[in-house]
2 protein chains.
Amino acid sequence: MKITFLGTSAGLPTKERNTQTTVLDLNPVYNEYWLIDVGEAAQHRILNTNIKLGKLTTILITHLHGDHIFGLPGLLTSRSFQGGEGKPLQVIGPKGIKQYIETTLAVSASHLNYPLDIIELEGDENQLLIHDITVSVRLLEHGIPSYGYRLQFPDKEGSLKQQSLQEAGIEPGPIYKAFKTQDVVDYNGVIYTTAHFKEPAERGKVITFFGDTMPAASEAQLADQADVIVHECTYLEGDHELSHKYYHSHIADVMQLAVSSSVKMTLLNHVSNRYTKEDIEVLMRRLQDEHPEFTFRIAEDYMCYEL
Amino acid sequence: MKITFLGTSAGLPTKERNTQTTVLDLNPVYNEYWLIDVGEAAQHRILNTNIKLGKLTTILITHLHGDHIFGLPGLLTSRSFQGGEGKPLQVIGPKGIKQYIETTLAVSASHLNYPLDIIELEGDENQLLIHDITVSVRLLEHGIPSYGYRLQFPDKEGSLKQQSLQEAGIEPGPIYKAFKTQDVVDYNGVIYTTAHFKEPAERGKVITFFGDTMPAASEAQLADQADVIVHECTYLEGDHELSHKYYHSHIADVMQLAVSSSVKMTLLNHVSNRYTKEDIEVLMRRLQDEHPEFTFRIAEDYMCYEL
């Protein structure tokens, strides 16, 4: 799978960073794309990639601030002309997303040529199952409802150790399926514990996309032992209090969350335009030197991360 | 004054052409900018120019199709942070523009820090006076209400011929103002016809911005003797009937309008993505050779025209 950042700015677009849009390419698990937030000009950014809007099946909106949703009407309408015809799309987001989409499409006399399903989240906790991916959604702290989405992919059964099976006199056949899927198998009157004949099960990947937030109690649940978290870092230095006053995170907050939650990789986005590219490089190096336990990258537009 | 094209595509953005946005720089008449339509990513295009959003005073929306308005919410909200604080802005457009702006701002919890006045047009004809510019608005033919805006700048009094006045024994003083502003002046008991002492009055510029339209009766009024018209040309070749079926214009329609209305310069935008840059160059040269009476340019993004 691959995460591509198409917008990493905070609030306003700059020449280098667009407003928030992140792409999850689920290939090879599924041959489809998901988007997390759709900042203005997301469709323009997509024109510079190989991403096909026809393969976009799911859009997760973290919250309704303009820098996270103003590209949605254009993307939805353009999808009709760019391979989306007849291909269903679902948009999941906070209450209000339905009114926003329906009003903008109605006022602009836009007609989509594919089924659009809009799912509004309410309350503090939601759980969705998309294919076999469990999506846990938790409310964060951002002044307006802002959600984090934890995607838990199913565990993969360990592959069979063919040689061990044959050494035990168990010949290939339908019985192998039982060895793969059951803990215990009765074969020719012998009871086998199958773990001995399998590689260990592979834990399903966990990827969590956070909406804008100041530190919140629900974050630990969302981040727990994740392979990757994508988190805002509007404030890269200076006073924590200031970042919290604006309901945003300081990079030290995110580090604390990631380290205490045993997160393998933290990808940071939503970078304030007060920092130059050089500032960011210096800050990254310093943080990495001082905290080798924190594995992170600060995203730039078009950056890809494979997992 | 200067017209700058920041989006010249039809319907969808391409790598080269953004959706519709045109800037009128009124300098030196007024130190301000007007926008005609605001396609998605208009604010991104503006980042690549010297245009200051704080000096943007008026937005004319021709019609509510997405490729003409989806950049409006982002531009309005960004203006708060880009020199617009406290500086009034007016948006003029078809009925529905108010609901669109108010819903998008409310859903996204956006707060503008400047007064925003939204004026909705209704019916076939509207006339507005902005400063001393008469703005005549007429309904076109586009399936949904689409307007053309004719901007008539006031005539300029001819300057005084100082030498002629002094040869006639009329010495500089307050009386010169009377010679400049009146047709007839009584000076020391002599009645003077002032035309003799003035350069001819300079006709005020006329600039007309058309919304998307198929040929419509109202177009001739809007174009009549204009210095510049800005008009769509979605169809550059082929069948007229097809263009009209989609409520759009064929370039031959625009040529007919411009020539019969004695338009000095026609700037064509809203170019379909079916034409390559090379196609357009060939078509332009052929049309210019066959119809030297038609003075036109096909706009590209960032093209400027001074008048």
# chains A, B, ... in the order shown; residues from 1 in each chain; ligands from 1
$ interface_residues --of "chain A" --to "chain B" --cutoff "6 Å" --atoms "only C-alpha atoms" --output "list in words"
Ala41, Leu64, His65, Gly66 and Ser108 of chain A
$ write_last_selection --atoms "C-alpha atoms" --output "PDB file, in the first residue's frame"
ATOM      1  CA  ALA A  41      -7.348  22.023  -6.014  1.00  0.00           C
ATOM      2  CA  LEU A  64     -15.338  20.588   7.854  1.00  0.00           C
ATOM      3  CA  HIS A  65     -12.815  23.438   7.894  1.00  0.00           C
ATOM      4  CA  GLY A  66     -12.445  24.870   4.412  1.00  0.00           C
ATOM      5  CA  SER A 108     -24.244  24.625  -9.470  1.00  0.00           C
TER       6      SER A 108
END
$ residues_around --residues "A:Asp212" --least-positions-apart "6" --cutoff "8 Å" --atoms "only C-alpha atoms" --output "number ranges by chain"
A: 62-63, 140-142, 146, 231-232, 247-249
$ write_last_selection --atoms "N, CA, C and O atoms" --output "PDB file, in the first residue's frame"
ATOM      1  N   THR A  62     -12.109  14.400   7.705  1.00  0.00           N
ATOM      2  CA  THR A  62     -11.846  14.469   9.144  1.00  0.00           C
ATOM      3  C   THR A  62     -12.678  15.556   9.808  1.00  0.00           C
ATOM      4  O   THR A  62     -13.232  15.348  10.878  1.00  0.00           O
ATOM      5  N   HIS A  63     -12.770  16.725   9.172  1.00  0.00           N
ATOM      6  CA  HIS A  63     -13.582  17.822   9.718  1.00  0.00           C
ATOM      7  C   HIS A  63     -13.883  18.812   8.608  1.00  0.00           C
ATOM      8  O   HIS A  63     -13.342  18.704   7.505  1.00  0.00           O
ATOM      9  N   LEU A 140     -11.913  13.933  18.130  1.00  0.00           N
ATOM     10  CA  LEU A 140     -10.706  14.574  18.675  1.00  0.00           C
ATOM     11  C   LEU A 140     -11.099  15.915  19.317  1.00  0.00           C
ATOM     12  O   LEU A 140     -12.275  16.105  19.650  1.00  0.00           O
ATOM     13  N   GLU A 141     -10.145  16.814  19.464  1.00  0.00           N
ATOM     14  CA  GLU A 141     -10.407  18.118  20.114  1.00  0.00           C
ATOM     15  C   GLU A 141      -9.960  19.247  19.194  1.00  0.00           C
ATOM     16  O   GLU A 141      -8.773  19.574  19.144  1.00  0.00           O
ATOM     17  N   HIS A 142     -10.898  19.856  18.479  1.00  0.00           N
ATOM     18  CA  HIS A 142     -10.480  20.893  17.520  1.00  0.00           C
ATOM     19  C   HIS A 142     -11.448  22.081  17.458  1.00  0.00           C
ATOM     20  O   HIS A 142     -11.454  22.815  16.470  1.00  0.00           O
ATOM     21  N   SER A 146     -13.953  17.037  14.884  1.00  0.00           N
ATOM     22  CA  SER A 146     -12.854  16.572  14.040  1.00  0.00           C
ATOM     23  C   SER A 146     -12.579  15.127  14.437  1.00  0.00           C
ATOM     24  O   SER A 146     -12.509  14.809  15.630  1.00  0.00           O
ATOM     25  N   HIS A 231      -0.444  12.614  11.140  1.00  0.00           N
ATOM     26  CA  HIS A 231      -0.902  13.555  12.171  1.00  0.00           C
ATOM     27  C   HIS A 231      -0.470  14.970  11.825  1.00  0.00           C
ATOM     28  O   HIS A 231       0.599  15.174  11.263  1.00  0.00           O
ATOM     29  N   GLU A 232      -1.292  15.937  12.179  1.00  0.00           N
ATOM     30  CA  GLU A 232      -0.925  17.335  11.985  1.00  0.00           C
ATOM     31  C   GLU A 232       0.226  17.731  12.902  1.00  0.00           C
ATOM     32  O   GLU A 232       0.426  17.143  13.980  1.00  0.00           O
ATOM     33  N   TYR A 247      -6.380  25.026  19.156  1.00  0.00           N
ATOM     34  CA  TYR A 247      -6.832  23.640  18.984  1.00  0.00           C
ATOM     35  C   TYR A 247      -5.942  22.853  18.013  1.00  0.00           C
ATOM     36  O   TYR A 247      -6.423  22.040  17.228  1.00  0.00           O
ATOM     37  N   HIS A 248      -4.649  23.151  18.045  1.00  0.00           N
ATOM     38  CA  HIS A 248      -3.716  22.424  17.183  1.00  0.00           C
ATOM     39  C   HIS A 248      -2.656  21.722  18.029  1.00  0.00           C
ATOM     40  O   HIS A 248      -2.576  21.932  19.235  1.00  0.00           O
ATOM     41  N   SER A 249      -1.856  20.912  17.350  1.00  0.00           N
ATOM     42  CA  SER A 249      -0.818  20.152  18.045  1.00  0.00           C
ATOM     43  C   SER A 249       0.551  20.759  17.820  1.00  0.00           C
ATOM     44  O   SER A 249       0.856  21.298  16.750  1.00  0.00           O
TER      45      SER A 249
END
$ select_by_dssp --residues "stretch 82-302 of chain B" --states "alpha helix (DSSP H)" --output "PyMOL selection string"
chain B and resi 97-107+162-167+175-181+219-223+240-245+251-260+277-290
$ residues_around --residues "stretch 284-294 of chain A" --least-positions-apart "5" --cutoff "12 Å" --atoms "only C-alpha atoms" --output "list in words"
Leu236, Glu237, Ile251, Ala252, Asp253, Val254, Met255, Gln256, Leu257, Ala258, Val259, Ser260, Ser261, Ser262, Val263, Lys264, Met265, Thr266, Leu267, Leu268, Tyr275, Lys277, Glu278, Asp279 and Ala299 of chain A
$ residues_around --residues "A:Leu60" --least-positions-apart "3" --cutoff "7 Å" --atoms "only C-alpha atoms" --output "list in words"
Leu35, Ile36, Asp37, Val91, Ile92 and Gly93 of chain A
$ select_by_dssp --residues "stretch 124-304 of chain B" --states "strand (DSSP E)" --output "MDAnalysis selection string"
chainID B and resid 125:130 133:139 147:152 184:187 190:193 206:210 228:232 265:269 296:298 304
$ residues_around --residues "A:His131" --least-positions-apart "2" --cutoff "10 Å" --atoms "only C-alpha atoms" --output "PyMOL selection string"
chain A and resi 30+128-129+133-134+153
$ residues_around --residues "B:Lys55" --least-positions-apart "6" --cutoff "9 Å" --atoms "only C-alpha atoms" --output "list in words"
Asn31, Glu32, Tyr33, Trp34, Gly83, Gly84 and Lys87 of chain B
$ atom_distance --atom1 "atom CA of A:Pro215" --atom2 "atom CA of A:His244"
7.8 Å
$ atom_distance --atom1 "atom CA of B:Val271" --atom2 "atom CA of A:Glu102"
28.2 Å
$ atom_distance --atom1 "atom CA of A:Leu307" --atom2 "atom CA of A:Glu120"
29.2 Å
$ closest_residue --among "B:Glu85, B:Asp239, B:Glu199, B:Glu300" --to "B:Pro115" --atoms "only C-alpha atoms"
B:Glu85
$ residues_around --residues "A:Pro88" --least-positions-apart "4" --cutoff "9 Å" --atoms "only C-alpha atoms" --output "PyMOL selection string"
chain A and resi 56-58+84+114-117
$ write_last_selection --atoms "N, CA, C and O atoms" --output "compact mmCIF listing (two decimals), in the first residue's frame"
# COMPACT_ATOMS: atom_id res chain seq x y z
N LEU A 56 -11.33 5.70 -7.31
CA LEU A 56 -11.54 6.30 -5.99
C LEU A 56 -12.90 5.81 -5.47
O LEU A 56 -13.92 6.03 -6.11
N THR A 57 -12.89 5.10 -4.36
CA THR A 57 -14.13 4.50 -3.86
C THR A 57 -14.62 5.14 -2.56
O THR A 57 -15.80 5.10 -2.25
N THR A 58 -13.69 5.70 -1.77
CA THR A 58 -14.03 6.15 -0.42
C THR A 58 -13.31 7.45 -0.11
O THR A 58 -12.11 7.57 -0.37
N GLY A 84 -15.35 7.87 -13.76
CA GLY A 84 -16.18 7.51 -12.60
C GLY A 84 -17.57 7.02 -12.95
O GLY A 84 -18.29 6.54 -12.06
N TYR A 114 -22.82 8.80 -11.21
CA TYR A 114 -22.50 7.60 -10.42
C TYR A 114 -23.20 7.72 -9.08
O TYR A 114 -23.53 8.82 -8.63
N PRO A 115 -23.43 6.59 -8.40
CA PRO A 115 -24.10 6.65 -7.10
C PRO A 115 -23.17 7.23 -6.04
O PRO A 115 -22.02 6.80 -5.93
N LEU A 116 -23.67 8.21 -5.31
CA LEU A 116 -22.89 8.83 -4.22
C LEU A 116 -23.60 8.55 -2.91
O LEU A 116 -24.77 8.89 -2.75
N ASP A 117 -22.87 7.95 -1.98
CA ASP A 117 -23.43 7.64 -0.67
C ASP A 117 -22.71 8.53 0.35
O ASP A 117 -21.48 8.51 0.42
$ closest_residue --among "B:Leu165, B:Ile170, B:Asp224, B:Ala217" --to "B:His196" --atoms "only C-alpha atoms"
B:Leu165
